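Undergrad: My questions will all concern the structure given below.
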Amino acid sequence: MPYGRVRTMSAQQGLWEQAVAGDHQAFATFYERHADRVFAHCLYRTGSRADAEDLTAEAFARAWHARAKVRVSAEADILPWLLVTANHLMLQQHRKAARGRRATRRLNLEDEPDIAAVVADRDEVEHHRRRALQVLAGLSEPDREVIELCVVNGLTPTAVAEGLHTPASTVRNRLARALRRARAAYQSLDNGTEVDA
Amino acid sequence: MTSTPPPDIEEVLRGLPTPSLSSDARQRHLAMLAELASAPSPRRRWSRWRKFTITGLSVLLAGGIGVGAAAALGVFSEPPPDRSTAHCFTTDDLHDRTNHEDFMVANKGSAIRETDAASKAMEICAGGWQQGRYSATDPKILLDPKPGPANSPVPPLVACVLRNGQVGVFPGDEQTCHKLGLPVAEI
């Protein structure tokens, strides 16, 4: 019975099967669904809209090439895969940038990506956002990644686990540990600078 | 004296805005994905030793010819600037970190002419001013800007060529570029 398996699939898993078979329109649906999330994720990490646009395009291009290998979860489809791929691309880019810093200096706009430049502290909410992003940037890569996936992007540990081929309990434990470290860093940052009202 | 306790970091991170891709970038990405989909599938893979041998020999041969030819012609020079990125500025200050944002006017690495990059950049930056994203009274650019008045006035804008060859669009006129020590971009 050729369609027996399809009945047990979620709609998005069915759509992903079409994309895997080469249906460009089906793949474009996933692009429309997640492009802003991937873009925001890259923008918060790089501080550059141009880099974030480019990384978003590259992450989706990789997803297209690797579509036969990407596992789609019913809960979060390809988003965890895209975000982690974007992280790998950013790390590669960062290494290249370290080699080619001379070119960056010529730009005269400057050096390292700075979250402060994109989340200016105009009011209290922005101030706390900037602080939180600073804390995130100071965490280890695994801590940062699990917080970005589960907290910033609102994915459940089960969805992340399915997307990354990891047990859900591992993701939950990693998340709990990462949040503990993030809270400690956030509090110490704020204790040092908080001004009495 | 009382101090407000800071909010929980988890709560702050959950409330981060999701900035959107520009419609221009979205169109470029979809066109790129359509192009990928229409490209022929990669051919059958060669065996590892064959691939290794042929690639190695080709690289050596091509490298030798390339270096020899380049040395003979004296063409070791600066690569052409990557004009695919351009920048909108809200003030004529190159050192302020919060008065500008960058965006793409073409796919990364594509050979776009200065005139095309400058016209596209002028168009995008004028749109930013018109939508109230940029403001002369409040020049900091936020990720999550408060919606400005629709059809806000667009100041006179000028496109200058930055030191890396990319286009920067500033409020002002040709004098603004000269003041910054930058050439005016041709449109």
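Scheme for the structure tokens: letters A, B, ... for chains in order shown; per-chain residue numbers from 1; ligand numbers from 1 in order shown.
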Considering only C-alpha atoms, tabulate each residue of chain B that lies at most 9 Å from chain A along with its nearest interatomic pair and the corresponding distance in Å to one decimal; arrange the rows by chain and ascending residue number and present them as a Markdown table.

TA:
```
| residue | atom | partner | partner_atom | distance |
| --- | --- | --- | --- | --- |
| B:Met1 | CA | A:Asp196 | CA | 6.4 |
| B:Thr2 | CA | A:Asp196 | CA | 5.9 |
| B:Ser3 | CA | A:Asp196 | CA | 4.7 |
| B:Thr4 | CA | A:Ala197 | CA | 7.2 |
| B:Pro5 | CA | A:Glu194 | CA | 9.0 |
| B:Pro6 | CA | A:Asp190 | CA | 7.3 |
| B:Pro7 | CA | A:His128 | CA | 7.8 |
| B:Asp8 | CA | A:Arg183 | CA | 7.4 |
| B:Ile9 | CA | A:Ala132 | CA | 6.0 |
| B:Glu10 | CA | A:Val151 | CA | 6.7 |
| B:Glu11 | CA | A:Val151 | CA | 8.6 |
| B:Val12 | CA | A:Arg129 | CA | 6.1 |
| B:Leu13 | CA | A:Val152 | CA | 5.3 |
| B:Arg14 | CA | A:Val152 | CA | 5.0 |
| B:Gly15 | CA | A:Val152 | CA | 7.7 |
| B:Leu16 | CA | A:Val152 | CA | 6.9 |
| B:Pro17 | CA | A:Ala40 | CA | 8.2 |
| B:Thr18 | CA | A:Ala40 | CA | 5.5 |
| B:Pro19 | CA | A:Ala40 | CA | 5.5 |
| B:Ser20 | CA | A:Asp36 | CA | 5.1 |
| B:Leu21 | CA | A:Asp36 | CA | 5.8 |
| B:Ser22 | CA | A:Glu53 | CA | 8.9 |
| B:Ala25 | CA | A:Glu53 | CA | 6.8 |
| B:Arg26 | CA | A:Ala35 | CA | 8.2 |
| B:Arg28 | CA | A:Ala57 | CA | 8.8 |
| B:His29 | CA | A:Ala57 | CA | 5.7 |
| B:Leu30 | CA | A:Ala28 | CA | 7.1 |
| B:Met32 | CA | A:Ala57 | CA | 8.1 |
| B:Leu33 | CA | A:Ala61 | CA | 6.7 |
| B:Ala34 | CA | A:His24 | CA | 6.5 |
| B:Leu36 | CA | A:Ala61 | CA | 7.7 |
| B:Ala37 | CA | A:His24 | CA | 6.0 |
| B:Ser38 | CA | A:His24 | CA | 8.5 |
| B:Ser84 | CA | A:Ala50 | CA | 8.7 |
| B:Thr85 | CA | A:Ala50 | CA | 6.2 |
| B:Ala86 | CA | A:Ala50 | CA | 8.1 |
| B:Leu94 | CA | A:Leu109 | CA | 6.1 |
| B:His95 | CA | A:Leu109 | CA | 6.3 |
| B:Asp96 | CA | A:Leu109 | CA | 8.3 |
| B:Arg97 | CA | A:Ala117 | CA | 5.3 |
| B:Thr98 | CA | A:Ala117 | CA | 4.6 |
| B:Asn99 | CA | A:Ala117 | CA | 8.1 |
| B:His100 | CA | A:Ala117 | CA | 8.5 |
| B:Glu101 | CA | A:Arg49 | CA | 6.8 |
| B:Asp102 | CA | A:Ala50 | CA | 5.4 |
| B:Phe103 | CA | A:Ala50 | CA | 4.2 |
| B:Met104 | CA | A:Ala50 | CA | 5.2 |
| B:Val105 | CA | A:Ala50 | CA | 8.9 |
| B:Asn107 | CA | A:Asp54 | CA | 7.8 |
| B:Lys108 | CA | A:Asp54 | CA | 6.9 |
| B:Lys140 | CA | A:Ala120 | CA | 6.9 |
| B:Ile141 | CA | A:Val118 | CA | 6.8 |
| B:Leu142 | CA | A:Val119 | CA | 5.5 |
| B:Leu143 | CA | A:Val118 | CA | 5.5 |
| B:Asp144 | CA | A:Val119 | CA | 7.9 |
| B:Leu162 | CA | A:Leu107 | CA | 6.8 |
| B:Arg163 | CA | A:Leu107 | CA | 5.6 |
| B:Asn164 | CA | A:Leu107 | CA | 4.8 |
| B:Gly165 | CA | A:Leu107 | CA | 8.2 |
| B:Gln166 | CA | A:Leu107 | CA | 8.3 |
```

Undergrad: Write a file of the selected residues as a PDB file, in the first residue's frame, keeping C-alpha atoms.

TA:
```
ATOM      1  CA  MET B   1      16.622  54.497  47.865  1.00  0.00           C
ATOM      2  CA  THR B   2      15.148  51.567  46.024  1.00  0.00           C
ATOM      3  CA  SER B   3      16.529  49.621  43.144  1.00  0.00           C
ATOM      4  CA  THR B   4      14.427  47.847  40.556  1.00  0.00           C
ATOM      5  CA  PRO B   5      15.403  44.186  40.299  1.00  0.00           C
ATOM      6  CA  PRO B   6      16.484  43.338  36.772  1.00  0.00           C
ATOM      7  CA  PRO B   7      14.083  41.102  34.831  1.00  0.00           C
ATOM      8  CA  ASP B   8      14.956  37.447  34.407  1.00  0.00           C
ATOM      9  CA  ILE B   9      17.313  36.912  31.456  1.00  0.00           C
ATOM     10  CA  GLU B  10      15.115  34.132  30.103  1.00  0.00           C
ATOM     11  CA  GLU B  11      12.174  36.499  29.995  1.00  0.00           C
ATOM     12  CA  VAL B  12      14.252  39.174  28.233  1.00  0.00           C
ATOM     13  CA  LEU B  13      15.549  36.711  25.639  1.00  0.00           C
ATOM     14  CA  ARG B  14      12.073  35.336  24.970  1.00  0.00           C
ATOM     15  CA  GLY B  15      10.893  38.886  24.282  1.00  0.00           C
ATOM     16  CA  LEU B  16      13.566  39.731  21.704  1.00  0.00           C
ATOM     17  CA  PRO B  17      12.003  41.090  18.523  1.00  0.00           C
ATOM     18  CA  THR B  18      12.335  39.190  15.259  1.00  0.00           C
ATOM     19  CA  PRO B  19      13.627  41.697  12.708  1.00  0.00           C
ATOM     20  CA  SER B  20      12.376  40.937   9.210  1.00  0.00           C
ATOM     21  CA  LEU B  21      14.312  40.447   6.028  1.00  0.00           C
ATOM     22  CA  SER B  22      13.747  43.213   3.504  1.00  0.00           C
ATOM     23  CA  ALA B  25      16.539  40.326   0.099  1.00  0.00           C
ATOM     24  CA  ARG B  26      13.614  37.913   0.172  1.00  0.00           C
ATOM     25  CA  ARG B  28      16.911  37.638  -4.170  1.00  0.00           C
ATOM     26  CA  HIS B  29      16.922  34.579  -1.917  1.00  0.00           C
ATOM     27  CA  LEU B  30      13.896  33.037  -3.605  1.00  0.00           C
ATOM     28  CA  MET B  32      18.656  32.008  -5.834  1.00  0.00           C
ATOM     29  CA  LEU B  33      16.724  28.986  -4.503  1.00  0.00           C
ATOM     30  CA  ALA B  34      14.767  28.688  -7.781  1.00  0.00           C
ATOM     31  CA  LEU B  36      19.455  25.995  -7.386  1.00  0.00           C
ATOM     32  CA  ALA B  37      16.367  23.899  -7.987  1.00  0.00           C
ATOM     33  CA  SER B  38      16.626  24.232 -11.746  1.00  0.00           C
ATOM     34  CA  SER B  84      27.286  43.779  -2.962  1.00  0.00           C
ATOM     35  CA  THR B  85      27.012  45.429   0.479  1.00  0.00           C
ATOM     36  CA  ALA B  86      25.974  49.063   0.892  1.00  0.00           C
ATOM     37  CA  LEU B  94      31.902  57.413   9.969  1.00  0.00           C
ATOM     38  CA  HIS B  95      32.852  56.538  13.533  1.00  0.00           C
ATOM     39  CA  ASP B  96      29.479  56.399  15.266  1.00  0.00           C
ATOM     40  CA  ARG B  97      28.514  52.735  15.660  1.00  0.00           C
ATOM     41  CA  THR B  98      24.780  53.261  15.856  1.00  0.00           C
ATOM     42  CA  ASN B  99      24.073  55.635  12.954  1.00  0.00           C
ATOM     43  CA  HIS B 100      24.267  53.181  10.093  1.00  0.00           C
ATOM     44  CA  GLU B 101      23.172  49.795   8.916  1.00  0.00           C
ATOM     45  CA  ASP B 102      24.299  47.672   6.046  1.00  0.00           C
ATOM     46  CA  PHE B 103      22.289  45.668   3.571  1.00  0.00           C
ATOM     47  CA  MET B 104      22.870  43.823   0.340  1.00  0.00           C
ATOM     48  CA  VAL B 105      22.278  45.358  -3.065  1.00  0.00           C
ATOM     49  CA  ASN B 107      24.290  38.638  -4.242  1.00  0.00           C
ATOM     50  CA  LYS B 108      27.574  38.381  -2.363  1.00  0.00           C
ATOM     51  CA  LYS B 140      20.348  55.781  16.399  1.00  0.00           C
ATOM     52  CA  ILE B 141      19.110  52.852  14.348  1.00  0.00           C
ATOM     53  CA  LEU B 142      17.310  50.220  16.394  1.00  0.00           C
ATOM     54  CA  LEU B 143      16.564  46.615  15.546  1.00  0.00           C
ATOM     55  CA  ASP B 144      13.027  47.129  16.644  1.00  0.00           C
ATOM     56  CA  LEU B 162      33.636  54.345   1.189  1.00  0.00           C
ATOM     57  CA  ARG B 163      37.293  53.416   1.568  1.00  0.00           C
ATOM     58  CA  ASN B 164      36.562  49.754   0.902  1.00  0.00           C
ATOM     59  CA  GLY B 165      34.835  50.573  -2.394  1.00  0.00           C
ATOM     60  CA  GLN B 166      31.314  50.037  -1.072  1.00  0.00           C
TER      61      GLN B 166
END
```

Undergrad: Could you jot down the CA of Ala39 in chain B to CA of Arg62 in chain A separation for me, Å, one decimal place?

TA: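 Distance between the two atoms: 14.3 Å.
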
Undergrad: Near Val160 in chain A, within 9 Å and counting only C-alpha atoms, which residues show up once chain neighbours fewer than 2 positions away are dropped, as a ChimeraX atom specification?

TA: /A:73,76,79-81,146,149-150,155-158,162-166,168,171

Undergrad: In Å, how far is it from CA of His88 in chain A to CA of Pro80 in chain B?

TA: 27.5 Å

Undergrad: I need the residue nearest Arg67 in chain A from this list: A:Gln134, A:Thr46, A:Phe30, A:Trp16. Use only C-alpha atoms for the distance.

TA: A:Trp16

Undergrad: Env of range 122-125 of chain B: 8 Å cut, atoms = only C-alpha atoms, seq-sep filter 6 positions within chain, self excluded. Answer as a list in words.

TA: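 The neighbour list is Cys88, Leu157, Val158, Ala159 and Val169 of chain B.
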
Undergrad: Counting only C-alpha atoms, which of B:Ala111, B:Pro156, B:Asp116, B:Ala185 gets nearest to Asp173 in chain B?

TA: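 Smallest distance to Asp173 in chain B is found for B:Pro156.
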
Undergrad: Between CA of Gln27 in chain B and CA of Thr29 in chain A, what distance in Å does the model show, to one decimal?

TA: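 Calculated distance between CA of Gln27 in chain B and CA of Thr29 in chain A is 13.5 Å.
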